[in-house]
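Data block below; observations after.
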Amino acid sequence: MRLDKYLKVSRLIKRRTVANEACDNGRVTVNGRVARASTEVKVGDVIGIAFGDRETKVEVLSVQEVIRKGEAAELFRYC
């Protein structure tokens with residue numbers, strides 16, 4: 001699954017366009033490397049998101065195209 005879509009489906013970022021912009025500005029990393037929106041995400045990857053002076057790191061536990069809002073937190077684990 002594309003990184004920008006994963007960020008939206010997992011609800012780490014609210015909208016896909018915002019996720020796309022964050023990737024374009026170099027604020028998102030996958031396994032320690034700056035990632036583009038088209039980067040493929042797989043189970044076990046560590047995603048870092050920097051907004052302002054706050055950085056969030058999560059580990060991908062599952063990749064699903066469609067998921068309910070209440071179950072979105074099961075797609076990742078905070079590091």
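Lettering and numbering for the structure tokens are positional, with chains as A, B, ... in the shown order, residues counted from 1 in each chain, and ligands counted from 1 in the shown order.
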
Item to check | Spatial neighbours of A:Val28, 10 Å, only C-alpha atoms, chain gap at least 2 places, as a VMD selection string | outcome: chain A and resid 3 to 4 19 to 26 30 32 to 37 47 to 51 55 to 57

Next on the checklist: Given only C-alpha atoms as the basis, pick out the residue of A:Glu74, A:Cys79, A:Val63, A:Tyr6 nearest to A:Thr39.
Outcome noted: A:Tyr6

Next on the checklist: Among chain A, which residues does DSSP mark as strand (DSSP E or B) when it is run on the backbone? Keep the chain and numbering as in the structure and answer as a ChimeraX atom specification.
Outcome noted: /A:2,28-30,33-34,40,46-51,54-60,76-78

Writing out the chosen residues with N, CA, C and O atoms as a PDB file, in the first residue's frame:
ATOM      1  N   ARG A   2       0.470   2.275  -0.691  1.00  0.00           N
ATOM      2  CA  ARG A   2       1.220   3.534  -0.721  1.00  0.00           C
ATOM      3  C   ARG A   2       1.250   4.172   0.667  1.00  0.00           C
ATOM      4  O   ARG A   2       0.304   4.035   1.445  1.00  0.00           O
ATOM      5  N   VAL A  28       8.136  12.931   6.610  1.00  0.00           N
ATOM      6  CA  VAL A  28       7.794  11.537   6.883  1.00  0.00           C
ATOM      7  C   VAL A  28       8.979  10.650   6.517  1.00  0.00           C
ATOM      8  O   VAL A  28       9.563  10.789   5.445  1.00  0.00           O
ATOM      9  N   THR A  29       9.336   9.746   7.434  1.00  0.00           N
ATOM     10  CA  THR A  29      10.417   8.796   7.175  1.00  0.00           C
ATOM     11  C   THR A  29       9.881   7.379   7.308  1.00  0.00           C
ATOM     12  O   THR A  29       8.946   7.122   8.069  1.00  0.00           O
ATOM     13  N   VAL A  30      10.494   6.473   6.560  1.00  0.00           N
ATOM     14  CA  VAL A  30      10.195   5.048   6.680  1.00  0.00           C
ATOM     15  C   VAL A  30      11.528   4.354   6.909  1.00  0.00           C
ATOM     16  O   VAL A  30      12.440   4.459   6.089  1.00  0.00           O
ATOM     17  N   ARG A  33      14.644   6.643   6.645  1.00  0.00           N
ATOM     18  CA  ARG A  33      14.916   7.352   5.382  1.00  0.00           C
ATOM     19  C   ARG A  33      13.726   8.222   5.007  1.00  0.00           C
ATOM     20  O   ARG A  33      12.579   7.793   5.157  1.00  0.00           O
ATOM     21  N   VAL A  34      13.996   9.416   4.498  1.00  0.00           N
ATOM     22  CA  VAL A  34      12.920  10.289   4.039  1.00  0.00           C
ATOM     23  C   VAL A  34      12.174   9.562   2.922  1.00  0.00           C
ATOM     24  O   VAL A  34      12.784   9.007   2.013  1.00  0.00           O
ATOM     25  N   GLU A  40       6.140   2.120  -0.837  1.00  0.00           N
ATOM     26  CA  GLU A  40       5.317   0.986  -0.411  1.00  0.00           C
ATOM     27  C   GLU A  40       5.556   0.698   1.072  1.00  0.00           C
ATOM     28  O   GLU A  40       6.698   0.604   1.515  1.00  0.00           O
ATOM     29  N   VAL A  46       8.940   1.033  10.208  1.00  0.00           N
ATOM     30  CA  VAL A  46       8.809   2.063  11.235  1.00  0.00           C
ATOM     31  C   VAL A  46       8.642   3.401  10.517  1.00  0.00           C
ATOM     32  O   VAL A  46       9.504   3.802   9.737  1.00  0.00           O
ATOM     33  N   ILE A  47       7.517   4.053  10.785  1.00  0.00           N
ATOM     34  CA  ILE A  47       7.198   5.328  10.144  1.00  0.00           C
ATOM     35  C   ILE A  47       7.378   6.442  11.163  1.00  0.00           C
ATOM     36  O   ILE A  47       6.860   6.363  12.277  1.00  0.00           O
ATOM     37  N   GLY A  48       8.105   7.473  10.773  1.00  0.00           N
ATOM     38  CA  GLY A  48       8.277   8.656  11.614  1.00  0.00           C
ATOM     39  C   GLY A  48       7.597   9.844  10.956  1.00  0.00           C
ATOM     40  O   GLY A  48       7.762  10.082   9.766  1.00  0.00           O
ATOM     41  N   ILE A  49       6.821  10.597  11.747  1.00  0.00           N
ATOM     42  CA  ILE A  49       6.106  11.767  11.237  1.00  0.00           C
ATOM     43  C   ILE A  49       6.488  12.960  12.104  1.00  0.00           C
ATOM     44  O   ILE A  49       6.293  12.927  13.318  1.00  0.00           O
ATOM     45  N   ALA A  50       7.022  14.015  11.481  1.00  0.00           N
ATOM     46  CA  ALA A  50       7.423  15.220  12.207  1.00  0.00           C
ATOM     47  C   ALA A  50       6.486  16.363  11.857  1.00  0.00           C
ATOM     48  O   ALA A  50       6.378  16.749  10.698  1.00  0.00           O
ATOM     49  N   PHE A  51       5.802  16.885  12.867  1.00  0.00           N
ATOM     50  CA  PHE A  51       4.970  18.075  12.718  1.00  0.00           C
ATOM     51  C   PHE A  51       5.408  19.076  13.763  1.00  0.00           C
ATOM     52  O   PHE A  51       5.264  18.837  14.964  1.00  0.00           O
ATOM     53  N   ARG A  54       7.266  18.233  17.281  1.00  0.00           N
ATOM     54  CA  ARG A  54       6.830  16.930  17.784  1.00  0.00           C
ATOM     55  C   ARG A  54       7.046  15.859  16.717  1.00  0.00           C
ATOM     56  O   ARG A  54       6.714  16.064  15.553  1.00  0.00           O
ATOM     57  N   GLU A  55       7.611  14.728  17.122  1.00  0.00           N
ATOM     58  CA  GLU A  55       7.789  13.626  16.179  1.00  0.00           C
ATOM     59  C   GLU A  55       7.111  12.379  16.728  1.00  0.00           C
ATOM     60  O   GLU A  55       7.255  12.051  17.894  1.00  0.00           O
ATOM     61  N   THR A  56       6.394  11.704  15.867  1.00  0.00           N
ATOM     62  CA  THR A  56       5.694  10.478  16.230  1.00  0.00           C
ATOM     63  C   THR A  56       6.307   9.327  15.452  1.00  0.00           C
ATOM     64  O   THR A  56       6.516   9.434  14.249  1.00  0.00           O
ATOM     65  N   LYS A  57       6.606   8.224  16.146  1.00  0.00           N
ATOM     66  CA  LYS A  57       7.116   7.026  15.475  1.00  0.00           C
ATOM     67  C   LYS A  57       6.164   5.880  15.751  1.00  0.00           C
ATOM     68  O   LYS A  57       5.760   5.655  16.888  1.00  0.00           O
ATOM     69  N   VAL A  58       5.814   5.166  14.675  1.00  0.00           N
ATOM     70  CA  VAL A  58       4.923   4.019  14.804  1.00  0.00           C
ATOM     71  C   VAL A  58       5.485   2.850  14.005  1.00  0.00           C
ATOM     72  O   VAL A  58       6.196   3.035  13.026  1.00  0.00           O
ATOM     73  N   GLU A  59       5.160   1.651  14.473  1.00  0.00           N
ATOM     74  CA  GLU A  59       5.526   0.432  13.753  1.00  0.00           C
ATOM     75  C   GLU A  59       4.278  -0.126  13.094  1.00  0.00           C
ATOM     76  O   GLU A  59       3.217  -0.215  13.719  1.00  0.00           O
ATOM     77  N   VAL A  60       4.390  -0.488  11.836  1.00  0.00           N
ATOM     78  CA  VAL A  60       3.258  -1.012  11.078  1.00  0.00           C
ATOM     79  C   VAL A  60       3.003  -2.462  11.505  1.00  0.00           C
ATOM     80  O   VAL A  60       3.888  -3.307  11.411  1.00  0.00           O
ATOM     81  N   PHE A  76      -1.251  -0.081  13.778  1.00  0.00           N
ATOM     82  CA  PHE A  76       0.088   0.358  14.153  1.00  0.00           C
ATOM     83  C   PHE A  76       0.272   0.334  15.659  1.00  0.00           C
ATOM     84  O   PHE A  76      -0.684   0.198  16.414  1.00  0.00           O
ATOM     85  N   ARG A  77       1.556   0.458  16.065  1.00  0.00           N
ATOM     86  CA  ARG A  77       1.913   0.525  17.485  1.00  0.00           C
ATOM     87  C   ARG A  77       2.923   1.659  17.652  1.00  0.00           C
ATOM     88  O   ARG A  77       3.879   1.772  16.875  1.00  0.00           O
ATOM     89  N   TYR A  78       2.711   2.507  18.649  1.00  0.00           N
ATOM     90  CA  TYR A  78       3.655   3.598  18.898  1.00  0.00           C
ATOM     91  C   TYR A  78       4.974   3.044  19.420  1.00  0.00           C
ATOM     92  O   TYR A  78       4.992   2.122  20.227  1.00  0.00           O
TER      93      TYR A  78
END

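The gap separating atom CA of A:Ala72 from atom CA of A:Leu12 is 9.0 Å, in Å to one decimal.
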
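Taking atom CA of A:Ile13 as the reference point, atom CA of A:Arg27 is found at 12.2 Å.
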
Next on the checklist: If I take atom CA of A:Leu75 and atom CA of A:Ser62, how far is one from the other in Å, to one decimal?
Outcome noted: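 Rounded to one decimal, the two atoms are 4.8 Å apart.
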
Next on the checklist: When DSSP is applied to the backbone of this structure, which of chain A are assigned alpha helix (DSSP H)? Write them out as a list of chain:residue names.
Outcome noted: A:Leu3, A:Asp4, A:Lys5, A:Tyr6, A:Leu7, A:Lys8, A:Val9, A:Arg16, A:Thr17, A:Val18, A:Ala19, A:Asn20, A:Glu21, A:Ala22, A:Cys23, A:Asp24

Item to check | Of the listed residues A:Val9, A:Met1, A:Val41, A:Val18, that which approaches A:Ala73 most closely, counting only C-alpha atoms | outcome: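 For A:Ala73, the nearest of the candidates is A:Val9.
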
Item to check | Distance criterion (only C-alpha atoms): nearest to A:Val66 out of A:Asp53, A:Arg16, A:Ser38, A:Ser10 | outcome: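 Among the listed residues, the smallest separation from A:Val66 belongs to A:Ser10.
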